[in-house]
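**Student:** My structure is in target_26.txt, and what it holds is compact mmCIF, C-alpha atoms and all ligand atoms:
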# COMPACT_ATOMS: atom_id res chain seq x y z
CA ASP A 24 156.38 -49.81 -85.96
CA ALA A 25 160.06 -49.82 -84.98
CA LEU A 26 161.49 -49.01 -88.43
CA ARG A 27 159.02 -46.15 -88.82
CA THR A 28 160.13 -44.65 -85.50
CA ILE A 29 163.81 -44.97 -86.40
CA VAL A 30 163.22 -43.32 -89.78
CA GLN A 31 161.35 -40.40 -88.17
CA GLN A 32 163.96 -39.89 -85.46
CA MET A 33 167.17 -40.22 -87.44
CA PRO A 34 169.07 -36.99 -88.16
CA LYS A 35 168.82 -35.99 -91.81
CA ALA A 36 169.78 -33.30 -94.30
CA GLU A 37 167.27 -31.96 -96.82
CA LEU A 38 168.86 -31.05 -100.16
CA HIS A 39 165.83 -30.43 -102.42
CA ILE A 40 163.24 -28.02 -101.05
CA HIS A 41 161.83 -25.04 -102.97
CA ILE A 42 161.10 -22.48 -100.29
CA GLU A 43 158.17 -21.07 -102.29
CA GLY A 44 156.79 -24.63 -102.26
CA SER A 45 156.69 -24.56 -98.45
CA LEU A 46 154.02 -21.80 -98.47
CA GLU A 47 151.00 -23.38 -96.80
CA PRO A 48 147.53 -22.21 -97.94
CA GLU A 49 146.91 -20.58 -94.53
CA LEU A 50 150.08 -18.48 -94.91
CA ILE A 51 149.18 -17.66 -98.54
CA PHE A 52 145.86 -16.21 -97.34
CA ALA A 53 147.45 -14.39 -94.39
CA LEU A 54 150.10 -12.77 -96.63
CA ALA A 55 147.48 -11.91 -99.29
CA GLN A 56 145.52 -10.03 -96.64
CA ARG A 57 148.61 -8.35 -95.13
CA ASN A 58 149.77 -7.17 -98.58
CA GLY A 59 146.40 -6.40 -100.18
CA VAL A 60 146.91 -9.02 -102.90
CA SER A 61 143.71 -10.55 -104.33
CA LEU A 62 143.62 -14.30 -104.94
CA PRO A 63 141.45 -16.22 -107.42
CA TYR A 64 140.33 -18.53 -104.56
CA GLU A 65 137.60 -17.91 -101.96
CA SER A 66 139.11 -19.88 -99.08
CA VAL A 67 141.97 -21.99 -97.80
CA ALA A 68 139.84 -25.09 -98.48
CA GLN A 69 139.14 -24.03 -102.07
CA LEU A 70 142.85 -23.37 -102.70
CA ARG A 71 143.78 -26.77 -101.28
CA GLN A 72 141.20 -28.39 -103.57
CA ALA A 73 143.11 -27.01 -106.56
CA TYR A 74 146.16 -29.12 -105.55
CA ASP A 75 145.24 -31.98 -107.90
CA PHE A 76 147.93 -32.00 -110.57
CA ALA A 77 148.13 -33.76 -113.94
CA ASP A 78 151.82 -33.04 -114.51
CA LEU A 79 154.66 -30.63 -113.68
CA GLN A 80 153.20 -27.70 -115.63
CA SER A 81 149.77 -27.86 -113.98
CA PHE A 82 151.55 -27.68 -110.62
CA LEU A 83 153.85 -24.82 -111.63
CA ASP A 84 150.87 -22.66 -112.69
CA ILE A 85 149.40 -22.85 -109.15
CA TYR A 86 152.83 -22.60 -107.45
CA TYR A 87 153.63 -19.30 -109.22
CA ALA A 88 150.14 -17.96 -108.36
CA GLY A 89 150.72 -18.82 -104.67
CA ALA A 90 154.12 -17.08 -104.67
CA SER A 91 152.47 -13.81 -105.84
CA VAL A 92 151.54 -12.94 -102.21
CA LEU A 93 155.25 -12.53 -101.32
CA ARG A 94 156.06 -8.81 -101.50
CA GLU A 95 158.17 -7.67 -98.53
CA GLU A 96 161.39 -8.84 -96.88
CA ARG A 97 159.43 -10.04 -93.83
CA ASP A 98 157.18 -12.22 -96.02
CA PHE A 99 160.26 -14.15 -97.17
CA TYR A 100 161.48 -14.29 -93.58
CA ASP A 101 158.16 -15.63 -92.24
CA MET A 102 157.86 -18.26 -94.99
CA THR A 103 161.43 -19.50 -94.43
CA MET A 104 161.14 -19.52 -90.64
CA ALA A 105 157.94 -21.61 -90.86
CA TYR A 106 159.77 -24.16 -93.03
CA LEU A 107 162.86 -24.31 -90.77
CA ARG A 108 160.71 -24.94 -87.69
CA ARG A 109 158.73 -27.65 -89.47
CA ALA A 110 161.94 -29.28 -90.76
CA HIS A 111 163.43 -29.18 -87.25
CA ALA A 112 160.41 -31.12 -85.98
CA ASP A 113 161.28 -33.85 -88.54
CA ASN A 114 164.86 -34.06 -87.21
CA VAL A 115 166.28 -32.28 -90.24
CA ARG A 116 169.64 -30.93 -89.06
CA HIS A 117 170.70 -29.14 -92.25
CA ALA A 118 168.74 -27.82 -95.26
CA GLU A 119 169.93 -26.52 -98.64
CA ILE A 120 167.06 -24.30 -99.73
CA PHE A 121 166.18 -23.45 -103.34
CA PHE A 122 164.65 -20.11 -104.14
CA ASP A 123 163.39 -18.69 -107.46
CA PRO A 124 164.32 -14.98 -107.58
CA GLN A 125 162.86 -14.44 -111.05
CA THR A 126 159.36 -15.30 -109.77
CA HIS A 127 159.63 -12.24 -107.52
CA THR A 128 161.88 -9.73 -109.32
CA ALA A 129 159.56 -10.00 -112.37
CA ARG A 130 156.79 -8.60 -110.10
CA GLY A 131 158.97 -5.71 -108.94
CA VAL A 132 160.12 -7.26 -105.64
CA PRO A 133 163.74 -6.19 -105.00
CA MET A 134 166.39 -8.95 -104.98
CA ALA A 135 167.48 -7.55 -101.58
CA ALA A 136 164.06 -8.37 -100.07
CA VAL A 137 164.09 -11.92 -101.49
CA VAL A 138 167.62 -12.93 -100.50
CA GLY A 139 167.67 -10.79 -97.37
CA GLY A 140 164.46 -12.22 -95.90
CA ILE A 141 165.30 -15.86 -96.63
CA PHE A 142 168.89 -15.50 -95.39
CA ARG A 143 167.93 -13.69 -92.17
CA ALA A 144 165.54 -16.55 -91.29
CA CYS A 145 168.35 -19.06 -91.93
CA GLN A 146 170.52 -17.15 -89.44
CA ASP A 147 167.73 -17.01 -86.82
CA GLY A 148 166.26 -20.49 -87.39
CA PRO A 149 166.64 -23.69 -85.38
CA ILE A 150 168.74 -25.68 -87.93
CA SER A 151 171.75 -25.18 -90.22
CA ALA A 152 170.62 -23.88 -93.62
CA SER A 153 172.11 -22.46 -96.82
CA LEU A 154 170.70 -21.04 -100.06
CA ILE A 155 170.76 -22.23 -103.67
CA MET A 156 169.47 -19.75 -106.25
CA CYS A 157 167.57 -21.37 -109.14
CA PHE A 158 167.19 -20.06 -112.67
CA LEU A 159 163.80 -20.63 -114.31
CA ARG A 160 164.50 -22.76 -117.37
CA HIS A 161 161.34 -21.66 -119.24
CA LEU A 162 162.91 -18.17 -119.41
CA SER A 163 165.93 -17.23 -121.55
CA GLU A 164 169.61 -17.60 -120.69
CA GLU A 165 169.93 -13.80 -121.05
CA GLU A 166 167.36 -13.41 -118.24
CA ALA A 167 169.32 -15.91 -116.12
CA ILE A 168 172.52 -13.91 -116.69
CA ALA A 169 170.75 -10.67 -115.69
CA THR A 170 169.45 -12.41 -112.53
CA LEU A 171 172.97 -13.60 -111.67
CA GLU A 172 174.24 -10.01 -112.02
CA GLU A 173 171.45 -8.75 -109.73
CA ALA A 174 172.37 -11.38 -107.13
CA LEU A 175 176.11 -10.69 -107.08
CA PRO A 176 175.85 -8.04 -104.31
CA PHE A 177 174.47 -10.92 -102.17
CA ARG A 178 177.11 -13.42 -103.30
CA ASP A 179 178.15 -14.21 -99.68
CA LYS A 180 174.58 -15.36 -98.82
CA ILE A 181 174.29 -17.93 -101.66
CA ILE A 182 176.26 -21.21 -101.80
CA GLY A 183 175.08 -22.49 -105.16
CA VAL A 184 172.88 -22.21 -108.23
CA GLY A 185 170.32 -24.60 -109.71
CA LEU A 186 167.91 -24.97 -112.61
CA ASP A 187 164.18 -25.58 -112.17
CA SER A 188 160.69 -25.06 -113.68
CA SER A 189 159.39 -26.66 -116.93
CA GLU A 190 161.92 -29.30 -117.95
CA ARG A 191 160.70 -30.63 -121.30
CA GLY A 192 161.87 -28.47 -124.21
CA HIS A 193 164.32 -26.58 -121.99
CA PRO A 194 167.45 -28.77 -121.94
CA PRO A 195 170.43 -28.01 -119.71
CA GLU A 196 172.57 -26.87 -122.66
CA LYS A 197 170.34 -23.77 -122.95
CA PHE A 198 172.13 -22.52 -119.81
CA MET A 199 175.77 -23.47 -120.59
CA ARG A 200 177.18 -19.96 -120.52
CA VAL A 201 175.54 -18.84 -117.28
CA PHE A 202 176.56 -22.06 -115.51
CA ARG A 203 180.15 -21.67 -116.73
CA ARG A 204 180.16 -18.15 -115.25
CA CYS A 205 178.67 -19.45 -111.96
CA LYS A 206 181.41 -22.08 -111.75
CA GLU A 207 184.08 -19.41 -112.24
CA LEU A 208 182.44 -17.43 -109.43
CA GLY A 209 182.82 -20.44 -107.11
CA PHE A 210 179.16 -21.41 -106.74
CA HIS A 211 178.15 -25.03 -106.20
CA LEU A 212 176.12 -26.28 -109.18
CA VAL A 213 172.99 -28.45 -109.34
CA ALA A 214 170.15 -28.89 -111.85
CA HIS A 215 166.75 -30.57 -112.07
CA ALA A 216 167.06 -33.29 -114.72
CA GLY A 217 165.33 -36.56 -115.51
CA GLU A 218 162.12 -35.73 -113.62
CA GLU A 219 159.83 -35.37 -116.66
CA GLY A 220 162.70 -34.93 -119.10
CA PRO A 221 164.72 -37.72 -120.72
CA PRO A 222 167.94 -39.30 -119.37
CA ALA A 223 169.88 -37.32 -121.99
CA TYR A 224 169.17 -34.18 -119.92
CA ILE A 225 170.95 -35.80 -116.95
CA GLU A 226 174.01 -36.38 -119.15
CA THR A 227 174.07 -32.83 -120.52
CA ALA A 228 173.60 -31.39 -117.02
CA LEU A 229 176.73 -33.32 -115.96
CA ASP A 230 178.84 -32.78 -119.08
CA LEU A 231 177.83 -29.29 -120.23
CA LEU A 232 176.74 -27.59 -116.98
CA GLU A 233 179.19 -29.56 -114.76
CA VAL A 234 176.66 -29.93 -111.96
CA GLU A 235 177.65 -31.76 -108.75
CA ARG A 236 174.21 -33.26 -107.97
CA ILE A 237 171.11 -34.09 -110.01
CA ASP A 238 167.72 -33.03 -108.67
CA HIS A 239 165.23 -35.89 -109.22
CA GLY A 240 167.12 -37.93 -111.85
CA VAL A 241 164.69 -40.83 -111.48
CA ARG A 242 164.51 -41.43 -115.25
CA CYS A 243 168.23 -42.38 -115.29
CA LEU A 244 167.27 -46.06 -115.06
CA GLU A 245 166.04 -45.90 -118.68
CA ASP A 246 169.74 -45.72 -119.67
CA PRO A 247 171.88 -48.48 -118.13
CA ARG A 248 175.19 -46.87 -119.15
CA LEU A 249 174.18 -43.58 -117.54
CA THR A 250 173.07 -45.44 -114.41
CA GLU A 251 176.50 -47.12 -114.17
CA ARG A 252 178.21 -43.78 -114.62
CA LEU A 253 176.15 -42.09 -111.88
CA ALA A 254 177.00 -44.95 -109.51
CA ARG A 255 180.71 -44.93 -110.41
CA GLU A 256 181.01 -41.15 -110.04
CA ARG A 257 178.93 -41.15 -106.84
CA ILE A 258 176.63 -38.40 -108.20
CA ALA A 259 173.86 -37.74 -105.70
CA LEU A 260 170.22 -37.85 -106.84
CA THR A 261 167.84 -35.74 -104.73
CA VAL A 262 164.71 -37.88 -105.09
CA CYS A 263 161.28 -36.56 -104.00
CA PRO A 264 158.82 -39.46 -103.61
CA LEU A 265 155.56 -37.61 -102.82
CA SER A 266 156.31 -35.05 -105.56
CA ASN A 267 156.80 -37.82 -108.11
CA VAL A 268 153.43 -39.37 -107.25
CA LYS A 269 151.55 -36.02 -107.14
CA LEU A 270 153.01 -34.97 -110.53
CA ARG A 271 152.35 -38.45 -111.97
CA VAL A 272 155.96 -39.34 -112.71
CA PHE A 273 154.87 -42.69 -111.15
CA PRO A 274 151.21 -43.81 -110.94
CA ASP A 275 151.44 -44.54 -107.20
CA MET A 276 154.07 -44.93 -104.47
CA ALA A 277 154.22 -48.71 -104.91
CA ALA A 278 155.42 -48.08 -108.48
CA HIS A 279 158.24 -45.70 -107.45
CA ASN A 280 161.70 -46.81 -108.60
CA LEU A 281 163.45 -45.85 -105.33
CA PRO A 282 164.31 -49.51 -104.50
CA ALA A 283 165.75 -49.97 -108.01
CA LEU A 284 167.80 -46.77 -107.71
CA LEU A 285 169.25 -48.01 -104.40
CA ALA A 286 169.87 -51.50 -105.81
CA ALA A 287 171.82 -49.90 -108.69
CA GLY A 288 174.25 -48.47 -106.12
CA LEU A 289 173.21 -44.86 -106.67
CA ARG A 290 173.79 -42.14 -104.06
CA VAL A 291 170.08 -41.51 -103.43
CA THR A 292 168.62 -39.00 -100.98
CA ILE A 293 164.96 -38.41 -100.00
CA ASN A 294 163.56 -34.87 -100.06
CA SER A 295 160.23 -33.02 -99.94
CA ASP A 296 160.49 -30.72 -103.05
CA ASP A 297 157.35 -28.57 -102.49
CA PRO A 298 155.97 -29.87 -99.18
CA ALA A 299 152.93 -27.57 -98.94
CA TYR A 300 151.71 -28.75 -102.36
CA PHE A 301 152.69 -32.44 -102.44
CA GLY A 302 151.24 -33.73 -99.19
CA GLY A 303 154.05 -33.54 -96.71
CA TYR A 304 157.42 -32.65 -95.27
CA LEU A 305 160.53 -34.81 -95.07
CA ASN A 306 159.28 -37.42 -92.60
CA ASP A 307 156.02 -37.74 -94.56
CA ASN A 308 158.14 -38.57 -97.63
CA PHE A 309 160.15 -41.19 -95.73
CA GLU A 310 156.99 -42.62 -94.20
CA ALA A 311 155.09 -42.87 -97.50
CA ALA A 312 158.07 -44.45 -99.29
CA PHE A 313 158.82 -46.95 -96.51
CA ALA A 314 155.13 -47.90 -96.17
CA ALA A 315 154.68 -48.67 -99.88
CA LEU A 316 158.08 -50.05 -100.89
CA PRO A 317 160.35 -52.93 -99.84
CA LEU A 318 162.85 -50.78 -97.90
CA THR A 319 164.88 -51.83 -94.86
CA LEU A 320 166.74 -50.33 -91.92
CA ALA A 321 169.93 -50.54 -93.99
CA HIS A 322 168.24 -48.42 -96.69
CA ALA A 323 167.11 -45.85 -94.10
CA GLU A 324 170.65 -45.54 -92.77
CA ALA A 325 172.08 -45.24 -96.29
CA LEU A 326 169.56 -42.51 -97.20
CA ALA A 327 170.40 -40.48 -94.08
CA ARG A 328 174.17 -40.97 -94.59
CA ASN A 329 173.86 -39.96 -98.26
CA SER A 330 172.00 -36.77 -97.32
CA PHE A 331 174.94 -35.50 -95.27
CA GLY A 332 177.55 -36.98 -97.61
CA ALA A 333 176.08 -35.12 -100.62
CA ALA A 334 175.50 -31.85 -98.74
CA PHE A 335 177.58 -28.76 -99.51
CA LEU A 336 179.11 -28.82 -96.05
CA GLY A 337 182.75 -28.79 -95.05
CA ALA A 338 184.38 -32.07 -94.06
CA ALA A 339 184.29 -31.17 -90.37
CA ALA A 340 180.55 -30.34 -90.42
CA LYS A 341 179.80 -33.59 -92.28
CA ARG A 342 181.77 -35.60 -89.74
CA ALA A 343 179.86 -33.90 -86.92
CA HIS A 344 176.54 -35.02 -88.49
CA LEU A 345 177.66 -38.53 -89.52
C1 LIG B 401 159.58 -27.84 -109.01
CL1 LIG B 401 158.91 -30.44 -108.69
C2 LIG B 401 159.64 -29.13 -109.53
N1 LIG B 401 160.21 -29.36 -110.72
C3 LIG B 401 160.73 -28.33 -111.38
N2 LIG B 401 160.70 -27.07 -110.95
C4 LIG B 401 160.14 -26.84 -109.76
N3 LIG B 401 159.97 -25.70 -109.07
C5 LIG B 401 159.32 -25.99 -107.94
N4 LIG B 401 159.08 -27.29 -107.89
ZN ZN B 402 162.30 -29.52 -107.32
Can you turn what I pasted into structure tokens?
**Tutor:**
Amino acid sequence: DALRTIVQQMPKAELHIHIEGSLEPELIFALAQRNGVSLPYESVAQLRQAYDFADLQSFLDIYYAGASVLREERDFYDMTMAYLRRAHADNVRHAEIFFDPQTHTARGVPMAAVVGGIFRACQDGPISASLIMCFLRHLSEEEAIATLEEALPFRDKIIGVGLDSSERGHPPEKFMRVFRRCKELGFHLVAHAGEEGPPAYIETALDLLEVERIDHGVRCLEDPRLTERLARERIALTVCPLSNVKLRVFPDMAAHNLPALLAAGLRVTINSDDPAYFGGYLNDNFEAAFAALPLTLAHAEALARNSFGAAFLGAAAKRAHL
């Protein structure tokens, strides 16, 4: 219908996409062959069948296995270029791309191959794109600090840092010192919080890590005072509807709290998270949310406006998009 067409065609920014989560099964098999990596799956179809997740951890186990085929600079380039082309087809004009260096450096892949390949694709690709380096929160803060040190030679290719992986039991405060150092270095700061973890993790991400956006954040509504604060301070939430259903944060799309988040006056954006694993890219996320939920043209326009407003772009670039 008309609203669906408008939603597909409107220019958007994507602010929550893990580039390793854009690896399609076909590319996983092609890279496994190219690099002589053996996979515990017989076929593309069998791998896809494993994409039936009970929670965040059951997804992460398969996501890290898939990323094991990435070995060379050109692998990172090919993966990133495939995402940028696909995003361009969805009228994404700007993407802020997460990557997980520790998933690769732990396997002996040089940081230069990881950052270099992703960054070179961003330079060559069809849309504006920048990089946010994420620390794996199930690992120690010492390992995050060592990763930051390894990345400093590539400082000019990275606009920000984030925090991802297993949320429960790994609160933001575990990473206070490394985030303080990143702030001093001039990085933008974000963190996953309030996806599976409690609203208290959203508060500590803001107060102790001093992040500028919250990734997910959907559990904020359990705390009315926190919800009011997020609205008052115009903190963006990078919400990922298909991810939340696949990882059973909500039982189905009709139960998603996106309308309530918008009604609370929050600066919500829609994003794809791990599009190869969760059933779709950015327009698939908009389409699934708008099909199942009471959302209007005004909501669509607010979501698109918020995506550019919350982006780490200069004022002139934002004005050009808005
Ligand atoms: C992730 Cl959905 C999600 N949550 C936390 N960490 C992640 N890494 C990749 N996808
Ligand atoms: Zn995420």
**Student:** Determine, counting only C-alpha atoms, which protein, DNA and RNA residues have an atom within 7 Å of an atom of Glu43 in chain A; residues of the same chain fewer than 3 positions away are not included. Present the result as a list of chain:residue names.
**Tutor:**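 Listing them by chain and then by number gives A:Leu46, A:Ala90, A:Phe122.
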**Student:** Counting all atoms listed in the file, which residues have an atom no more than 12 Å from (140.8, -21.3, -97.2) in the file's coordinates? Please list them as a PyMOL selection string.
**Tutor:** chain A and resi 47-53+55+62-73
**Student:** Glu310 in chain A: which residues within 12 Å, counting only C-alpha atoms, same-chain residues fewer than 6 positions away excluded, as a list in words?
**Tutor:**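 The residues that qualify are Asp24, Leu26, Arg27, Thr28, Ile29, Val30, Gln31, Gln32, Asp113, Pro264, Leu265, Met276, Ile293, Asn294, Ser295, Gly302, Gly303, Tyr304, Leu316, Leu318 and Ala323 of chain A.
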**Student:** Considering only C-alpha atoms and all ligand atoms, state which residue in the set A:His239, A:Arg328, A:Arg130, A:Lys341 is at the smallest distance from ligand LIG 401 (chain B).
**Tutor:**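 Under the stated criterion, the closest residue is A:His239.
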**Student:** Ligand LIG 401 (chain B): which residues are within 9 Å, counting all atoms listed in the file? Reply as a VMD selection string.
**Tutor:** chain A and resid 40 to 44 79 to 80 82 to 83 86 to 87 121 to 123 157 159 to 160 186 to 190 215 to 216 218 to 219 238 to 239 263 266 to 267 270 296 to 297
**Student:** Would you write out those residues with C-alpha atoms, as a PDB file, keeping the file's coordinate frame?
**Tutor:**
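Ended up saving to out.pdb:
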ATOM      1  CA  ILE A  40     163.240 -28.020-101.050  1.00  0.00           C
ATOM      2  CA  HIS A  41     161.830 -25.040-102.970  1.00  0.00           C
ATOM      3  CA  ILE A  42     161.100 -22.480-100.290  1.00  0.00           C
ATOM      4  CA  GLU A  43     158.170 -21.070-102.290  1.00  0.00           C
ATOM      5  CA  GLY A  44     156.790 -24.630-102.260  1.00  0.00           C
ATOM      6  CA  LEU A  79     154.660 -30.630-113.680  1.00  0.00           C
ATOM      7  CA  GLN A  80     153.200 -27.700-115.630  1.00  0.00           C
ATOM      8  CA  PHE A  82     151.550 -27.680-110.620  1.00  0.00           C
ATOM      9  CA  LEU A  83     153.850 -24.820-111.630  1.00  0.00           C
ATOM     10  CA  TYR A  86     152.830 -22.600-107.450  1.00  0.00           C
ATOM     11  CA  TYR A  87     153.630 -19.300-109.220  1.00  0.00           C
ATOM     12  CA  PHE A 121     166.180 -23.450-103.340  1.00  0.00           C
ATOM     13  CA  PHE A 122     164.650 -20.110-104.140  1.00  0.00           C
ATOM     14  CA  ASP A 123     163.390 -18.690-107.460  1.00  0.00           C
ATOM     15  CA  CYS A 157     167.570 -21.370-109.140  1.00  0.00           C
ATOM     16  CA  LEU A 159     163.800 -20.630-114.310  1.00  0.00           C
ATOM     17  CA  ARG A 160     164.500 -22.760-117.370  1.00  0.00           C
ATOM     18  CA  LEU A 186     167.910 -24.970-112.610  1.00  0.00           C
ATOM     19  CA  ASP A 187     164.180 -25.580-112.170  1.00  0.00           C
ATOM     20  CA  SER A 188     160.690 -25.060-113.680  1.00  0.00           C
ATOM     21  CA  SER A 189     159.390 -26.660-116.930  1.00  0.00           C
ATOM     22  CA  GLU A 190     161.920 -29.300-117.950  1.00  0.00           C
ATOM     23  CA  HIS A 215     166.750 -30.570-112.070  1.00  0.00           C
ATOM     24  CA  ALA A 216     167.060 -33.290-114.720  1.00  0.00           C
ATOM     25  CA  GLU A 218     162.120 -35.730-113.620  1.00  0.00           C
ATOM     26  CA  GLU A 219     159.830 -35.370-116.660  1.00  0.00           C
ATOM     27  CA  ASP A 238     167.720 -33.030-108.670  1.00  0.00           C
ATOM     28  CA  HIS A 239     165.230 -35.890-109.220  1.00  0.00           C
ATOM     29  CA  CYS A 263     161.280 -36.560-104.000  1.00  0.00           C
ATOM     30  CA  SER A 266     156.310 -35.050-105.560  1.00  0.00           C
ATOM     31  CA  ASN A 267     156.800 -37.820-108.110  1.00  0.00           C
ATOM     32  CA  LEU A 270     153.010 -34.970-110.530  1.00  0.00           C
ATOM     33  CA  ASP A 296     160.490 -30.720-103.050  1.00  0.00           C
ATOM     34  CA  ASP A 297     157.350 -28.570-102.490  1.00  0.00           C
TER      35      ASP A 297
END
**Student:** Which residue gives the smallest distance to ligand ZN 402 (chain B) among A:Gly217, A:Gln56, A:Ala25, A:Glu256, with only C-alpha atoms and all ligand atoms counted?
**Tutor:**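 Going through A:Gly217, A:Gln56, A:Ala25, A:Glu256 one by one, the smallest distance to ligand ZN 402 (chain B) is for A:Gly217.
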**Student:** If we count all atoms listed in the file, what is near Glu226 in chain A at a cut-off of 12 Å, once residues fewer than 2 positions away on the same chain are taken out, given as JSON, numbers by chain?
**Tutor:** {"A": [194, 195, 196, 214, 215, 216, 217, 220, 221, 222, 223, 224, 228, 229, 230, 231, 232, 233, 234, 235, 236, 237, 240, 242, 243, 246, 248, 249, 250, 252, 253, 258]}
**Student:** Could you give me, as a compact mmCIF listing (two decimals) with C-alpha atoms, in the coordinates of the input, the residues within 9 Å of His344 in chain A, counting all atoms listed in the file and dropping anything in the same chain fewer than 4 positions from it?
**Tutor:**
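So result-v6.txt came out as:
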# COMPACT_ATOMS: atom_id res chain seq x y z
CA PRO A 34 169.07 -36.99 -88.16
CA LYS A 35 168.82 -35.99 -91.81
CA ARG A 116 169.64 -30.93 -89.06
CA ARG A 328 174.17 -40.97 -94.59
CA PHE A 331 174.94 -35.50 -95.27
CA ALA A 339 184.29 -31.17 -90.37
CA ALA A 340 180.55 -30.34 -90.42
**Student:** Please enclose the listed atoms of range 24-33 of chain A in an axis-aligned box, pad each side by 6 Å, and write out the centre and the three edge lengths in Å, rounded to one decimal, as AutoDock Vina command-line options.
**Tutor:**
--center_x 161.8 --center_y -44.9 --center_z -87.4 --size_x 22.8 --size_y 21.9 --size_z 16.8
**Student:** With all atoms listed in the file as the atoms that count, which of A:Pro298, A:Pro317, A:Gly337, A:Gly332 lies nearest to ligand ZN 402 (chain B)?
**Tutor:**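 The shortest atom-to-atom distance to ligand ZN 402 (chain B) comes from A:Pro298.
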